[in-house]
Amino acid sequence: MKRPTQHVPEMAWNAWGDPAAAQELDAATRQLIVETLGISSAAPARVTEAALALRPSALPGKALTALAEVVGVEHVHTDEPTRLRHTGGKSTPDLLRRRAGEVAEAPDAVLTPAGHDEVQGILDVCAQHGIAVVPFGGGTSVVGGVEPFRGDFPAVISLDLRRLDALLALDEESGTATLEAGLRTPEAEELLGAEGHTLGHFPQSFEFASIGGYAATRSSGQFSAGYGRFDAMVTALKVATPRGTVTLDRGPATAAGPDLRQLFLGSEGVFGVITEVTVRVRRVPESRVEESWAFPTFAAGTAAVRELAQAGGLPTAIRISDETETFINAAIAGGQAPEGCQSVVHFEGSAAQVERRRSEVAEVLERHGARRIASESAQTWRRSRFTAPYLRDSLLDAGVLAETLETVTSWSGLHELRESVTRALTENLPQESGSPVVYCHLSHAYHSGASLYFTVAADATDDPQGRWAVAKRAASDAIAAAGGSITHHHAVGMDHRPWMEAEIGPLGVEVLAAVKRTLDPSGILNPGKLIPEDV
């Protein structure tokens, strides 16, 4: 068992990420954004932490005593600062509520167990006392996945897995590693890198998200074309449930009935708490090369990616930005945007593998009208990959409503879906002056389809929460009507739950509810998430 030497810092309670890394817009950039978007007024000042009023903890004394016996009294936190930092995730609505001081729904306590047995003990106590439990990994959810919703329960605890932070085993012969669920990705990469291996999973939440969170939400990273989606990397799981422990480990593939690992991958803490994950790992690559290309149109770019995907020739990562995103990315970087649509392409492997794949990919891209451009733009994108969420906080300060959403569909439905979602967002964010900006990129590609990732910037007005709720509902309805999935990698949580019946059908919802009743008879695990109500 090995543990990291450096730990990820705690995120800000009312913004993204490490408070020490917060960014501010310079005056000229801020003025340009305000004029371009027709911003009516700057956002109200953020409420200070000292001015907040959390309601008193409602955790019953007997439950508090029993929980302290499981984890130790020092790991049962009922102080306001700790509870505040577990009040939810990091979506724009989450942050708007906290900026306005709307924090009454904080958990009644935060527990920090060490190891599977303590997690199981917590669930046993909470099931006995009727206490809701919300699993908490990195706290990076943008869909209401870690909201401390208590439902009909008298109290709710946040189950923070940060102390489950060990590399339990590395099987170099099989190419797998067993990791505890609370490890943050930089910590996992430190431990694996010391042994010459890498997970290869680099979503935008990389700096703060946890291994268990990736499994519970079917995460995808920027290099998933090369390394696979996180759920495809998982070979074994250990899960604590109110009914007991479930261990699923029978090799890389089996024909012994339905694969029960799939019940917990993407289950968002509703069926159980994932405590250990065995994943496929790779040797640290010998060579890494980044390229930048420009396509004449978005359609030309997507056609090239489709050809690569269907021929089994995708690079480690490939992303196509539409014309608007291409322009905005260049403006933020202080550079000149290329004509058309920029594509960032990344290769990893041995030197020979990388050179061979570069040649094969270049042939396809050029056949679709792409031209190679300066690689600095790809490097700029990589450097800003993990800092971009900080920009949203600065935009919110300037009175800009900024948010993202994503979906996935078939190649044949891709362009109709893009047009439908763009129209829904634009029409449902009306402004007195200026107009909202909606742009998109192709983020992940598969043999039969691809994911589209949308970014929105608009005047926040005096009701940004209500404004975004209307636009998000319209966009989600458009996704469902066009045959897309309500989410490709952000998960369901509370925000996407209303569209789950359209996603899997009423009988599919009943199946999920039946699994929930079996594993969690009293319904204490992450209430209000994933499964639609009244089932």
# chains A, B, ... in the order shown; residues from 1 in each chain; ligands from 1

call {"tool": "closest_atom_pairs", "arguments": {"of": "stretch 194-288 of chain A", "to": "stretch 100-121 of chain A", "cutoff": "12 Å", "atoms": "only C-alpha atoms", "output": "tab-separated table"}}
result
residue	atom	partner	partner_atom	distance
A:Leu237	CA	A:His116	CA	11.6
A:Lys238	CA	A:His116	CA	8.3
A:Val239	CA	A:His116	CA	8.1
A:Ala240	CA	A:Gln120	CA	5.3
A:Thr241	CA	A:Gln120	CA	6.9
A:Pro242	CA	A:Gln120	CA	7.6
A:Arg243	CA	A:Gln120	CA	9.3
A:Gly244	CA	A:Gln120	CA	7.1
A:Thr245	CA	A:Gln120	CA	7.3
A:Val246	CA	A:Gln120	CA	10.6
A:Thr247	CA	A:His116	CA	11.3
A:Gly272	CA	A:Gln120	CA	9.7
A:Val273	CA	A:Val119	CA	7.8
A:Ile274	CA	A:His116	CA	8.8
A:Thr275	CA	A:His116	CA	5.7
A:Glu276	CA	A:His116	CA	7.7
A:Val277	CA	A:His116	CA	11.5

call {"tool": "select_by_dssp", "arguments": {"residues": "stretch 157-404 of chain A", "states": "strand (DSSP E or B)", "output": "ChimeraX atom specification"}}
result
/A:157-160,167-171,176-180,184,197-198,210,234-241,244-248,273-280,282-283,287-295,317-321,341-349,371-373,400-404

call {"tool": "closest_residue", "arguments": {"among": "A:Arg517, A:Arg306, A:Lys62, A:Arg282", "to": "A:Ala177", "atoms": "only C-alpha atoms"}}
result
A:Arg282

call {"tool": "atom_distance", "arguments": {"atom1": "atom CA of A:Leu396", "atom2": "atom CA of A:Ala458"}}
result
10.1 Å

call {"tool": "closest_residue", "arguments": {"among": "A:Gln23, A:Thr461, A:Ser448, A:Asn428", "to": "A:Ala478", "atoms": "only C-alpha atoms"}}
result
A:Asn428

call {"tool": "atom_distance", "arguments": {"atom1": "atom CA of A:Phe223", "atom2": "atom CA of A:Phe271"}}
result
28.7 Å

call {"tool": "closest_residue", "arguments": {"among": "A:Pro154, A:Gly226, A:Gly399, A:Gly312", "to": "A:Ser57", "atoms": "only C-alpha atoms"}}
result
A:Pro154

call {"tool": "closest_residue", "arguments": {"among": "A:Gly151, A:Gly349, A:Gly369, A:Gly483", "to": "A:Gly413", "atoms": "only C-alpha atoms"}}
result
A:Gly483

call {"tool": "residues_around", "arguments": {"residues": "stretch 203-216 of chain A", "least_positions_apart": "6", "cutoff": "9 Å", "atoms": "only C-alpha atoms", "output": "JSON, numbers by chain"}}
result
{"A": [8, 9, 10, 11, 17, 136, 137, 138, 139, 140, 141, 161, 162, 179, 180, 181, 182, 183, 184, 185, 186, 188, 222, 223, 224, 230, 231, 234, 264, 265, 266, 267, 268, 269, 273, 274, 275, 276, 277, 385, 386, 387, 388, 389, 491]}

call {"tool": "closest_residue", "arguments": {"among": "A:Glu291, A:Glu366, A:Asp249, A:Glu49", "to": "A:Arg382", "atoms": "only C-alpha atoms"}}
result
A:Glu291

call {"tool": "residues_around", "arguments": {"residues": "A:Leu314", "least_positions_apart": "2", "cutoff": "8 Å", "atoms": "only C-alpha atoms", "output": "number ranges by chain"}}
result
A: 225-226, 305, 308-309, 312, 316-318, 361

call {"tool": "write_last_selection", "arguments": {"atoms": "all heavy atoms", "output": "PDB file, in the first residue's frame"}}
result
ATOM      1  N   ALA A 225      -9.856   8.754 -26.491  1.00  0.00           N
ATOM      2  CA  ALA A 225      -9.742   8.045 -27.777  1.00  0.00           C
ATOM      3  C   ALA A 225      -8.577   7.072 -27.752  1.00  0.00           C
ATOM      4  O   ALA A 225      -8.619   6.017 -28.393  1.00  0.00           O
ATOM      5  CB  ALA A 225      -9.571   9.050 -28.922  1.00  0.00           C
ATOM      6  N   GLY A 226      -7.527   7.425 -27.000  1.00  0.00           N
ATOM      7  CA  GLY A 226      -6.358   6.567 -26.924  1.00  0.00           C
ATOM      8  C   GLY A 226      -6.365   5.603 -25.761  1.00  0.00           C
ATOM      9  O   GLY A 226      -5.945   4.454 -25.888  1.00  0.00           O
ATOM     10  N   VAL A 305     -12.920  13.151 -38.805  1.00  0.00           N
ATOM     11  CA  VAL A 305     -12.878  12.383 -37.560  1.00  0.00           C
ATOM     12  C   VAL A 305     -13.694  11.102 -37.703  1.00  0.00           C
ATOM     13  O   VAL A 305     -13.300  10.036 -37.209  1.00  0.00           O
ATOM     14  CB  VAL A 305     -13.386  13.237 -36.384  1.00  0.00           C
ATOM     15  CG1 VAL A 305     -13.452  12.397 -35.111  1.00  0.00           C
ATOM     16  CG2 VAL A 305     -12.485  14.440 -36.174  1.00  0.00           C
ATOM     17  N   LEU A 308     -11.646   8.531 -39.512  1.00  0.00           N
ATOM     18  CA  LEU A 308     -10.619   7.963 -38.637  1.00  0.00           C
ATOM     19  C   LEU A 308     -11.225   6.982 -37.643  1.00  0.00           C
ATOM     20  O   LEU A 308     -10.684   5.895 -37.409  1.00  0.00           O
ATOM     21  CB  LEU A 308      -9.906   9.088 -37.882  1.00  0.00           C
ATOM     22  CG  LEU A 308      -8.966   9.971 -38.704  1.00  0.00           C
ATOM     23  CD1 LEU A 308      -8.559  11.199 -37.893  1.00  0.00           C
ATOM     24  CD2 LEU A 308      -7.729   9.187 -39.136  1.00  0.00           C
ATOM     25  N   ALA A 309     -12.351   7.357 -37.040  1.00  0.00           N
ATOM     26  CA  ALA A 309     -12.976   6.495 -36.032  1.00  0.00           C
ATOM     27  C   ALA A 309     -13.445   5.180 -36.641  1.00  0.00           C
ATOM     28  O   ALA A 309     -13.262   4.108 -36.053  1.00  0.00           O
ATOM     29  CB  ALA A 309     -14.146   7.233 -35.386  1.00  0.00           C
ATOM     30  N   GLY A 312     -10.670   2.788 -37.357  1.00  0.00           N
ATOM     31  CA  GLY A 312      -9.845   2.397 -36.225  1.00  0.00           C
ATOM     32  C   GLY A 312      -8.532   3.150 -36.163  1.00  0.00           C
ATOM     33  O   GLY A 312      -7.543   2.646 -35.622  1.00  0.00           O
ATOM     34  N   THR A 316      -4.519   9.705 -30.164  1.00  0.00           N
ATOM     35  CA  THR A 316      -4.816   9.655 -28.734  1.00  0.00           C
ATOM     36  C   THR A 316      -5.893  10.664 -28.356  1.00  0.00           C
ATOM     37  O   THR A 316      -6.720  10.407 -27.481  1.00  0.00           O
ATOM     38  CB  THR A 316      -3.538   9.931 -27.919  1.00  0.00           C
ATOM     39  OG1 THR A 316      -2.516   9.024 -28.352  1.00  0.00           O
ATOM     40  CG2 THR A 316      -3.768   9.749 -26.439  1.00  0.00           C
ATOM     41  N   ALA A 317      -5.894  11.808 -29.006  1.00  0.00           N
ATOM     42  CA  ALA A 317      -6.938  12.812 -28.793  1.00  0.00           C
ATOM     43  C   ALA A 317      -7.113  13.612 -30.068  1.00  0.00           C
ATOM     44  O   ALA A 317      -6.146  13.889 -30.785  1.00  0.00           O
ATOM     45  CB  ALA A 317      -6.573  13.746 -27.642  1.00  0.00           C
ATOM     46  N   ILE A 318      -8.368  13.977 -30.355  1.00  0.00           N
ATOM     47  CA  ILE A 318      -8.640  14.882 -31.464  1.00  0.00           C
ATOM     48  C   ILE A 318      -9.903  15.661 -31.130  1.00  0.00           C
ATOM     49  O   ILE A 318     -10.884  15.106 -30.646  1.00  0.00           O
ATOM     50  CB  ILE A 318      -8.783  14.153 -32.814  1.00  0.00           C
ATOM     51  CG1 ILE A 318      -8.930  15.170 -33.955  1.00  0.00           C
ATOM     52  CG2 ILE A 318      -9.912  13.134 -32.802  1.00  0.00           C
ATOM     53  CD1 ILE A 318      -8.725  14.573 -35.333  1.00  0.00           C
ATOM     54  N   VAL A 361      -2.830   9.748 -39.933  1.00  0.00           N
ATOM     55  CA  VAL A 361      -3.861  10.733 -39.612  1.00  0.00           C
ATOM     56  C   VAL A 361      -3.756  11.940 -40.546  1.00  0.00           C
ATOM     57  O   VAL A 361      -4.764  12.452 -41.050  1.00  0.00           O
ATOM     58  CB  VAL A 361      -3.756  11.168 -38.140  1.00  0.00           C
ATOM     59  CG1 VAL A 361      -4.637  12.384 -37.857  1.00  0.00           C
ATOM     60  CG2 VAL A 361      -4.146  10.011 -37.220  1.00  0.00           C
TER      61      VAL A 361
END

call {"tool": "closest_residue", "arguments": {"among": "A:Leu512, A:Ala127, A:Val400, A:Ala27", "to": "A:Ala66", "atoms": "only C-alpha atoms"}}
result
A:Ala127

call {"tool": "residues_around", "arguments": {"residues": "A:Ser375", "least_positions_apart": "5", "cutoff": "10 Å", "atoms": "only C-alpha atoms", "output": "list in words"}}
result
Val289, Glu290, Glu291, Ser292, Trp293, Val344, Val345 and Thr380 of chain A

call {"tool": "decode", "arguments": {"residues": "stretch 392-519 of chain A", "atoms": "C-alpha atoms", "output": "short mmCIF file (atom, residue, chain, number, x, y, z; two decimals), in the first residue's frame"}}
result
data_model
loop_
_atom_site.label_atom_id
_atom_site.label_comp_id
_atom_site.auth_asym_id
_atom_site.auth_seq_id
_atom_site.Cartn_x
_atom_site.Cartn_y
_atom_site.Cartn_z
CA ARG A 392 -15.95 31.33 -15.54
CA ASP A 393 -15.68 32.83 -12.05
CA SER A 394 -14.23 36.03 -13.51
CA LEU A 395 -17.00 36.16 -16.10
CA LEU A 396 -19.66 35.72 -13.41
CA ASP A 397 -18.10 38.65 -11.54
CA ALA A 398 -18.46 40.75 -14.71
CA GLY A 399 -22.18 39.97 -15.04
CA VAL A 400 -21.74 37.25 -17.67
CA LEU A 401 -23.79 34.05 -17.43
CA ALA A 402 -21.31 31.37 -18.53
CA GLU A 403 -22.05 27.65 -18.58
CA THR A 404 -21.50 24.47 -20.56
CA LEU A 405 -23.45 21.36 -21.53
CA GLU A 406 -22.71 18.28 -23.59
CA THR A 407 -24.40 15.43 -25.43
CA VAL A 408 -23.66 12.57 -27.82
CA THR A 409 -25.44 11.14 -30.84
CA SER A 410 -24.93 9.20 -34.05
CA TRP A 411 -22.90 10.61 -36.95
CA SER A 412 -26.06 10.84 -39.03
CA GLY A 413 -27.77 13.00 -36.41
CA LEU A 414 -24.78 15.10 -35.36
CA HIS A 415 -25.34 18.29 -37.35
CA GLU A 416 -29.09 18.38 -36.76
CA LEU A 417 -28.44 18.04 -33.02
CA ARG A 418 -25.87 20.83 -33.08
CA GLU A 419 -28.25 23.17 -34.87
CA SER A 420 -31.18 22.30 -32.57
CA VAL A 421 -29.26 22.87 -29.34
CA THR A 422 -27.66 26.08 -30.59
CA ARG A 423 -31.07 27.42 -31.62
CA ALA A 424 -32.68 26.44 -28.31
CA LEU A 425 -29.99 28.19 -26.28
CA THR A 426 -29.96 31.32 -28.43
CA GLU A 427 -33.73 31.73 -28.50
CA ASN A 428 -34.12 31.19 -24.76
CA LEU A 429 -31.47 33.71 -23.69
CA PRO A 430 -32.98 36.95 -25.09
CA GLN A 431 -31.18 40.22 -24.31
CA GLU A 432 -32.05 43.91 -24.53
CA SER A 433 -28.79 44.55 -26.37
CA GLY A 434 -26.16 42.33 -27.90
CA SER A 435 -26.79 38.63 -28.18
CA PRO A 436 -25.69 35.46 -26.41
CA VAL A 437 -22.69 33.60 -27.75
CA VAL A 438 -23.08 29.85 -28.23
CA TYR A 439 -20.25 27.75 -29.55
CA CYS A 440 -19.37 24.09 -29.78
CA HIS A 441 -16.65 21.52 -30.29
CA LEU A 442 -16.54 17.83 -31.08
CA SER A 443 -14.90 16.37 -27.98
CA HIS A 444 -15.01 12.57 -28.32
CA ALA A 445 -15.50 10.27 -31.29
CA TYR A 446 -16.64 6.69 -31.72
CA HIS A 447 -17.31 4.32 -34.59
CA SER A 448 -21.01 5.23 -34.70
CA GLY A 449 -21.12 8.81 -33.41
CA ALA A 450 -19.56 11.65 -31.44
CA SER A 451 -19.98 14.00 -28.49
CA LEU A 452 -20.72 17.70 -28.82
CA TYR A 453 -19.71 20.12 -26.07
CA PHE A 454 -21.43 23.52 -25.96
CA THR A 455 -20.36 26.72 -24.19
CA VAL A 456 -22.72 29.63 -23.56
CA ALA A 457 -21.98 33.23 -22.59
CA ALA A 458 -24.81 35.74 -22.15
CA ASP A 459 -25.97 38.71 -20.11
CA ALA A 460 -26.73 37.37 -16.63
CA THR A 461 -29.32 40.12 -15.93
CA ASP A 462 -30.75 40.29 -12.40
CA ASP A 463 -31.95 36.66 -12.46
CA PRO A 464 -29.13 34.49 -13.77
CA GLN A 465 -30.40 31.33 -12.06
CA GLY A 466 -33.87 31.59 -13.56
CA ARG A 467 -32.45 32.61 -16.91
CA TRP A 468 -30.19 29.58 -17.14
CA ALA A 469 -32.93 27.21 -15.90
CA VAL A 470 -35.13 28.20 -18.87
CA ALA A 471 -32.30 27.87 -21.40
CA LYS A 472 -31.03 24.57 -20.00
CA ARG A 473 -34.52 23.09 -20.05
CA ALA A 474 -34.99 24.13 -23.67
CA ALA A 475 -31.59 22.73 -24.67
CA SER A 476 -32.28 19.44 -22.86
CA ASP A 477 -35.67 19.12 -24.56
CA ALA A 478 -33.97 19.78 -27.90
CA ILE A 479 -31.40 17.05 -27.18
CA ALA A 480 -34.12 14.54 -26.34
CA ALA A 481 -36.20 15.50 -29.39
CA ALA A 482 -33.20 15.12 -31.70
CA GLY A 483 -32.34 11.67 -30.36
CA GLY A 484 -29.21 12.64 -28.44
CA SER A 485 -28.24 11.48 -24.97
CA ILE A 486 -28.91 13.85 -22.10
CA THR A 487 -25.25 13.44 -21.11
CA HIS A 488 -22.06 12.02 -22.55
CA HIS A 489 -19.78 12.50 -19.54
CA HIS A 490 -21.23 15.01 -17.05
CA ALA A 491 -23.61 12.36 -15.60
CA VAL A 492 -27.24 12.72 -14.47
CA GLY A 493 -27.38 13.97 -10.88
CA MET A 494 -30.41 16.08 -10.03
CA ASP A 495 -30.20 18.34 -13.08
CA HIS A 496 -30.65 15.70 -15.80
CA ARG A 497 -32.96 13.38 -13.89
CA PRO A 498 -36.16 14.78 -15.51
CA TRP A 499 -34.94 13.47 -18.89
CA MET A 500 -34.01 9.95 -17.74
CA GLU A 501 -37.34 8.43 -18.76
CA ALA A 502 -36.86 9.79 -22.30
CA GLU A 503 -33.34 8.34 -22.20
CA ILE A 504 -34.09 4.76 -21.09
CA GLY A 505 -37.90 4.44 -21.20
CA PRO A 506 -40.36 3.89 -18.35
CA LEU A 507 -39.49 0.21 -18.01
CA GLY A 508 -35.81 1.06 -17.82
CA VAL A 509 -36.58 3.47 -14.98
CA GLU A 510 -38.44 0.68 -13.18
CA VAL A 511 -35.40 -1.58 -13.52
CA LEU A 512 -33.16 1.05 -11.89
CA ALA A 513 -35.72 1.57 -9.13
CA ALA A 514 -35.87 -2.18 -8.48
CA VAL A 515 -32.08 -2.35 -8.14
CA LYS A 516 -32.24 0.61 -5.76
CA ARG A 517 -34.84 -1.11 -3.57
CA THR A 518 -32.72 -4.26 -3.40
CA LEU A 519 -29.40 -2.62 -2.50
#
